[in-house]
Amino acid sequence: MHHTPGGLRLETATTLDKVAAEDWDALAEPEGFYLSHGWLRAVERESGAAVTYLLAYAGDRLVGGLPLYEIEHEHNKFYARRPRLDQMGAGGEWGVAGSHRGYSCGIPRAAEHADAVLDLLLDARARLNPAARTGSLFLFATNRTAAALHRRGAAVDFDCGDATLHTGGRDFADYCGTLVSRRRIALKSEYARFLAAGYELGRQRLGECLEEAVPLLANLQAKYGHATGAAEIHRTFADQAATLDDRSVVFTARRAGRLVGVSVMYEWRGTLYARATGFDYPALRGAYEYYGLCYYLPIDYMSERGLTALHLGIGAYSAKVKRGARLAPLWTVALADDPADTPRPAPVDLTSWRDDHGRAVAPEDWRHPWTT
């Protein structure tokens, strides 16, 4: 335990299991699901990394937290540090802070203590880093986090876009009414063809269909050239089922009772987060199964549940934008322990994103001091 002049105190932990989920999630809400208590508890169960949580308290009240990861083995190329460091022109050894899984990263903190908590957590991070460590990388950092760290001397480099479809709680038919005519017609046609294909459609908890779903999830990974095998996928989703089953909704398509399509999502704080899809490709009928399970059925479900946004994450931007998604940037942030080691990446030019995606790119989200 460490006390500070401002009355805050710092504790460390290697698990969140003794931190009340409601306390942590109240702080994590602005950062999103991938900083939630249940998600981080699932990440703890994965192999390949050890975690230390820095926890800030005002009296007995939790007011901030920062996960720090020591990566022993990174088996997912999307989280690889070296390509990002090379792009930023950074040498040395860097740890990972904020989040180790999920395409979003932040620092949960109470608004009324935001600056003091952030300074406390970042100072403690530097003290705890091994002597050989150059600093900490924040992967897929949100605007909120990137801006706060940039003000504290961190280097910020563009990583990718993050897609979210905002439905306002409308059902599919009403949502289509918000789109331009050509897109409205296309979406209605796709959904009608999917519904007419004769699949037995359903919803389940992840734990209820895990064994059936894993081979389908592995099929999608193999289709796109990823080396992740069925055993590793099973471990990952079993970990998620252990901590997040009550938040999971799996949209399913069956033929004669056999699962042929699946979309795994999580409901959190008014948003539905799309996590993974999988298919038995030879059994499909060419009826827009991907969009039916990943967009259209979820939109109707969201209307029933009072959810207002479908988080679709990174990649496949054209398909997401055509269905009404908005794009926000995600950043790689390098916070060096010694300011002299701060990388100096080339200036970021986001013109192509605005040119390619137009209204899907909100100017207020894409204009920041480090991009000019």
# chains A, B, ... in the order shown; residues from 1 in each chain; ligands from 1
>>> closest_atom_pairs(of="range 48-150 of chain A", to="range 258-281 of chain A", cutoff="12 Å", atoms="only C-alpha atoms", output="Markdown table")
| residue | atom | partner | partner_atom | distance |
| --- | --- | --- | --- | --- |
| A:Arg101 | CA | A:Arg275 | CA | 11.4 |
| A:Gly102 | CA | A:Arg275 | CA | 8.7 |
| A:Tyr103 | CA | A:Arg275 | CA | 10.0 |
| A:Ser104 | CA | A:Tyr273 | CA | 11.6 |
>>> write_last_selection(atoms="C-alpha atoms", output="PDB file, in the first residue's frame")
ATOM      1  CA  ARG A 101      -6.993  -8.214 -25.269  1.00  0.00           C
ATOM      2  CA  GLY A 102      -9.876  -6.559 -27.068  1.00  0.00           C
ATOM      3  CA  TYR A 103      -9.493  -3.782 -29.572  1.00  0.00           C
ATOM      4  CA  SER A 104      -9.829  -0.912 -27.129  1.00  0.00           C
TER       5      SER A 104
END
>>> select_by_dssp(residues="range 154-251 of chain A", states="alpha helix (DSSP H)", output="PyMOL selection string")
chain A and resi 172-176+181-196+206-223+230-244
>>> residues_around(residues="Glu112 in chain A", least_positions_apart="5", cutoff="12 Å", atoms="only C-alpha atoms", output="PyMOL selection string")
chain A and resi 27+58+63-64+117-118
>>> write_last_selection(atoms="N, CA and C atoms", output="short mmCIF file (atom, residue, chain, number, x, y, z; two decimals), in the first residue's frame")
data_model
loop_
_atom_site.label_atom_id
_atom_site.label_comp_id
_atom_site.auth_asym_id
_atom_site.auth_seq_id
_atom_site.Cartn_x
_atom_site.Cartn_y
_atom_site.Cartn_z
N LEU A 27 -16.19 2.89 -13.25
CA LEU A 27 -15.04 3.66 -13.74
C LEU A 27 -14.73 3.33 -15.19
N ALA A 58 -9.65 6.53 -2.92
CA ALA A 58 -9.87 7.72 -2.10
C ALA A 58 -10.66 7.24 -0.90
N VAL A 63 -11.14 4.63 -7.16
CA VAL A 63 -11.27 5.78 -8.05
C VAL A 63 -10.42 5.64 -9.31
N GLY A 64 -9.69 4.55 -9.46
CA GLY A 64 -8.93 4.36 -10.68
C GLY A 64 -8.21 3.02 -10.71
N VAL A 117 -5.53 10.91 -10.13
CA VAL A 117 -5.48 9.44 -10.25
C VAL A 117 -4.56 9.04 -11.39
N LEU A 118 -4.69 9.72 -12.52
CA LEU A 118 -3.86 9.36 -13.67
C LEU A 118 -2.38 9.54 -13.35
#
>>> closest_residue(among="A:Ser136, A:Asn143, A:Ser303, A:Thr228", to="Ala334 in chain A", atoms="only C-alpha atoms")
A:Ser136
>>> closest_residue(among="A:Asp245, A:Asp157, A:Glu190, A:Asp60", to="Gly292 in chain A", atoms="only C-alpha atoms")
A:Glu190
>>> closest_residue(among="A:Leu297, A:Ala116, A:Val361, A:Ala28", to="Ala173 in chain A", atoms="only C-alpha atoms")
A:Leu297
>>> closest_atom_pairs(of="range 66-107 of chain A", to="range 313-333 of chain A", cutoff="12 Å", atoms="only C-alpha atoms", output="Markdown table")
| residue | atom | partner | partner_atom | distance |
| --- | --- | --- | --- | --- |
| A:Phe78 | CA | A:Ile314 | CA | 10.5 |
| A:Tyr79 | CA | A:Thr332 | CA | 10.7 |
| A:Ala80 | CA | A:Thr332 | CA | 11.4 |
| A:Arg81 | CA | A:Thr332 | CA | 9.6 |
| A:Arg82 | CA | A:Thr332 | CA | 11.8 |
| A:Pro83 | CA | A:Thr332 | CA | 11.0 |
| A:Arg84 | CA | A:Thr332 | CA | 7.4 |
| A:Leu85 | CA | A:Thr332 | CA | 9.1 |
| A:Asp86 | CA | A:Thr332 | CA | 11.8 |
| A:Gln87 | CA | A:Thr332 | CA | 10.2 |
| A:Met88 | CA | A:Thr332 | CA | 9.1 |
| A:Ala90 | CA | A:Val333 | CA | 11.5 |
| A:Trp94 | CA | A:Val333 | CA | 11.3 |
| A:Gly95 | CA | A:Val333 | CA | 11.7 |
| A:Val96 | CA | A:Val333 | CA | 10.1 |
| A:Ala97 | CA | A:Val333 | CA | 9.8 |
| A:Gly98 | CA | A:Val333 | CA | 10.5 |
| A:Gly102 | CA | A:Gly313 | CA | 9.0 |
| A:Tyr103 | CA | A:Gly313 | CA | 6.8 |
| A:Ser104 | CA | A:Leu330 | CA | 7.4 |
| A:Cys105 | CA | A:Leu330 | CA | 8.7 |
| A:Gly106 | CA | A:Val333 | CA | 10.6 |
>>> closest_residue(among="A:Ala192, A:Ala114, A:Ala163, A:Leu128", to="Thr145 in chain A", atoms="only C-alpha atoms")
A:Ala114
>>> closest_residue(among="A:Leu220, A:Ala242, A:Leu16, A:Ile233", to="Leu40 in chain A", atoms="only C-alpha atoms")
A:Leu16
>>> closest_residue(among="A:Phe251, A:Gly207, A:Ala340, A:Glu46", to="Asn76 in chain A", atoms="only C-alpha atoms")
A:Glu46
>>> select_by_dssp(residues="range 256-349 of chain A", states="strand (DSSP E)", output="NGL selection string")
:A and (258-268 or 271-279 or 309-313 or 326-336)
>>> atom_distance(atom1="CA of Ala141 in chain A", atom2="CA of Leu120 in chain A")
19.3 Å
>>> atom_distance(atom1="CA of Leu195 in chain A", atom2="CA of Phe237 in chain A")
27.8 Å
>>> residues_around(residues="Leu350 in chain A", least_positions_apart="4", cutoff="9 Å", atoms="only C-alpha atoms", output="PDB file with N, CA, C and O atoms, in the first residue's frame")
ATOM      1  N   PHE A 158      -1.105   6.618 -35.184  1.00  0.00           N
ATOM      2  CA  PHE A 158      -2.370   6.022 -35.607  1.00  0.00           C
ATOM      3  C   PHE A 158      -2.228   4.518 -35.768  1.00  0.00           C
ATOM      4  O   PHE A 158      -1.238   4.024 -36.295  1.00  0.00           O
ATOM      5  N   ARG A 354     -10.766  10.201 -44.253  1.00  0.00           N
ATOM      6  CA  ARG A 354     -11.873  11.118 -44.517  1.00  0.00           C
ATOM      7  C   ARG A 354     -12.332  11.013 -45.977  1.00  0.00           C
ATOM      8  O   ARG A 354     -13.525  11.049 -46.271  1.00  0.00           O
ATOM      9  N   ASP A 355     -11.375  10.841 -46.893  1.00  0.00           N
ATOM     10  CA  ASP A 355     -11.728  10.727 -48.306  1.00  0.00           C
ATOM     11  C   ASP A 355     -12.473   9.426 -48.596  1.00  0.00           C
ATOM     12  O   ASP A 355     -13.433   9.401 -49.372  1.00  0.00           O
ATOM     13  N   TRP A 366     -11.551  12.763 -35.288  1.00  0.00           N
ATOM     14  CA  TRP A 366     -10.339  12.499 -36.055  1.00  0.00           C
ATOM     15  C   TRP A 366      -9.385  13.689 -36.107  1.00  0.00           C
ATOM     16  O   TRP A 366      -8.403  13.663 -36.835  1.00  0.00           O
ATOM     17  N   ARG A 367      -9.664  14.749 -35.371  1.00  0.00           N
ATOM     18  CA  ARG A 367      -8.783  15.913 -35.356  1.00  0.00           C
ATOM     19  C   ARG A 367      -8.178  16.069 -33.971  1.00  0.00           C
ATOM     20  O   ARG A 367      -8.890  16.361 -33.008  1.00  0.00           O
ATOM     21  N   THR A 371      -2.047  14.881 -34.856  1.00  0.00           N
ATOM     22  CA  THR A 371      -2.265  14.509 -36.248  1.00  0.00           C
ATOM     23  C   THR A 371      -1.897  15.631 -37.196  1.00  0.00           C
ATOM     24  O   THR A 371      -2.012  15.471 -38.409  1.00  0.00           O
TER      25      THR A 371
END
